[in-house]
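Colleague: What follows is a single structure, and I will ask about it in a moment.
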Amino acid sequence: MDWELGAAGLAVGMLIAVVTAPVGVSGAVFLLPVQLSVFAVPNPSVTPTNLLYNVVAGPGALLRYRRDGALRGPLVRQLVVGTLPGVVLGAVIRVFALPGPNVFRLLVAALMLPLGTWLIIRTLRPEPPETQRPAPSPRTVTALALAVGVVGGIYGIGGGSILGPVLVGRGIPVSQVAPAALASTFATSLLGASTYALLSLGHSGSIAPDWFLGLACGLGGLIGGYLGARLQPRMPETFLRLLLGTLAAGLGALYAINAALLFGPQAIAR
């Protein structure tokens, strides 16, 4: 029934956002396998549905971070400027050249599992100050955001799950990365969802979002994101870094198992 689906989407969106918002992850990357495996959202409409979730859920955490003054600074601009053109390119690639999600699962596993493990190890055993590398330059951050924007446009993940571990691992505090990553996620998701809506007008197939499910999950994410952002200042930096690393590594492991057990080598090749 519709109300049961809506209630489930609301609960899932809230639970994911309250855990991920403190470290700058919208949670869409964790929502993606739930949509595919539990809610049975067809491809490629799962991607714009994820983007719709980000659009609805994003203001919850951003409102709280704005009240705390955390949205000021150059990092927000660098991420937004890089990700916006990338998400449009990614949406076009997703619709016309890359309809299947199976390769994406392997790519997420190959990237996030070692990245999350590396971040955990680096947090527990920090490098000596004389060997630590400086924070990435603005040009490097913008280039990274562009690449992540393309990935986000293809798979509807926003990009915070990738940008967060990379930037935090390069020495930028979570308290700076989290609001900037969520701001770029919101901006790119808004543009990406609009792009998919326009592409759906001239393309056959399920590329429009599942509006009901996306809005239900997004409303849950709106509430959970505000709560998570409110909790962040009370969490020590070490805990936040470990949380981000654990989420990244757990996500990589989840996608690796999902790809290996549910799809197999023949489905991965399709």
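Residue numbering restarts at 1 in every chain; chains get A, B, ... in the order shown in the structure tokens, and ligands count up from 1 in that same order.
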Residues near segment 44-54 of chain A, anyone? I mean within 7 Å using only C-alpha atoms, not counting same-chain ones fewer than 3 positions away, as a ChimeraX atom specification.
Modeller: /A:26,28,32,35,41,57-58,99,155-157,186,189,192-193,196,206-211,214-215,217-218
Colleague: Go through A:Leu146, A:Leu242, A:Val168, A:Leu31 and flag the residue nearest Leu10 of chain A, using only C-alpha atoms for the distances.
Modeller: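 Closest to Leu10 of chain A, using only C-alpha atoms: A:Leu31.
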Colleague: Looking at A:Gly24, A:Gly149, A:Gly224, A:Gly250, which one is nearest to Ala181 of chain A, with distances taken over only C-alpha atoms?
Modeller: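 Among the listed residues, the smallest separation from Ala181 of chain A belongs to A:Gly24.
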Colleague: Excluding Ala147 of chain A and any residue of its chain fewer than 3 positions from it, enumerate the residues within 9 Å of it, using only C-alpha atoms, and give them as a list of chain:residue names.
Modeller: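 Counting only the stated atoms, we get A:Gly82, A:Thr83, A:Gly86, A:Val87, A:Thr142, A:Ala143, A:Leu144, A:Val150, A:Val151, A:Gly152.
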Colleague: Can you tell me, as a PyMOL selection string, what residues are no more than 9 Å from Ile120 of chain A when counting only C-alpha atoms, ignoring any on the same chain fewer than 6 positions away?
Modeller: chain A and resi 241-246+249
Colleague: So which residues touch Leu240 of chain A within 12 Å, counting only C-alpha atoms, skipping near sequence neighbours fewer than 5 positions away, as a VMD selection string?
Modeller: chain A and resid 19 to 25 119 to 120 123 164 to 165 168 to 169 173 to 178 228 to 229 231 to 235 245 to 247
Colleague: May I ask which of the residues A:Val108, A:Leu75, A:Leu62, A:Ile93 is the closest one to Gly153 of chain A, counting only C-alpha atoms?
Modeller: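 Closest candidate: A:Ile93.
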Colleague: I need the helix (DSSP H, G or I) residues of segment 42-262 of chain A per DSSP on the backbone, written as a ChimeraX atom specification.
Modeller: /A:46-67,74-96,102-124,129-131,138-155,160-169,174-201,211-234,237-262
Colleague: Counting only C-alpha atoms, which residue out of A:Val141, A:Leu111, A:Ile223, A:Ala253 sits closest to Ala17 of chain A?
Modeller: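 Selected residue with least distance to Ala17 of chain A: A:Ile223.
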Colleague: Between A:Leu213, A:Ala145, A:Ile16, A:Leu107, single out the one closest to Ala180 of chain A, counting only C-alpha atoms.
Modeller: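 Checking each candidate against Ala180 of chain A, we get A:Ala145 as the closest.
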Colleague: Rank A:Ile154, A:Val92, A:Ile172, A:Leu115 by their smallest atom-to-atom distance to Arg133 of chain A, using only C-alpha atoms, and report the top residue only.
Modeller: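 Of A:Ile154, A:Val92, A:Ile172, A:Leu115, the one nearest Arg133 of chain A is A:Ile172, counting only C-alpha atoms.
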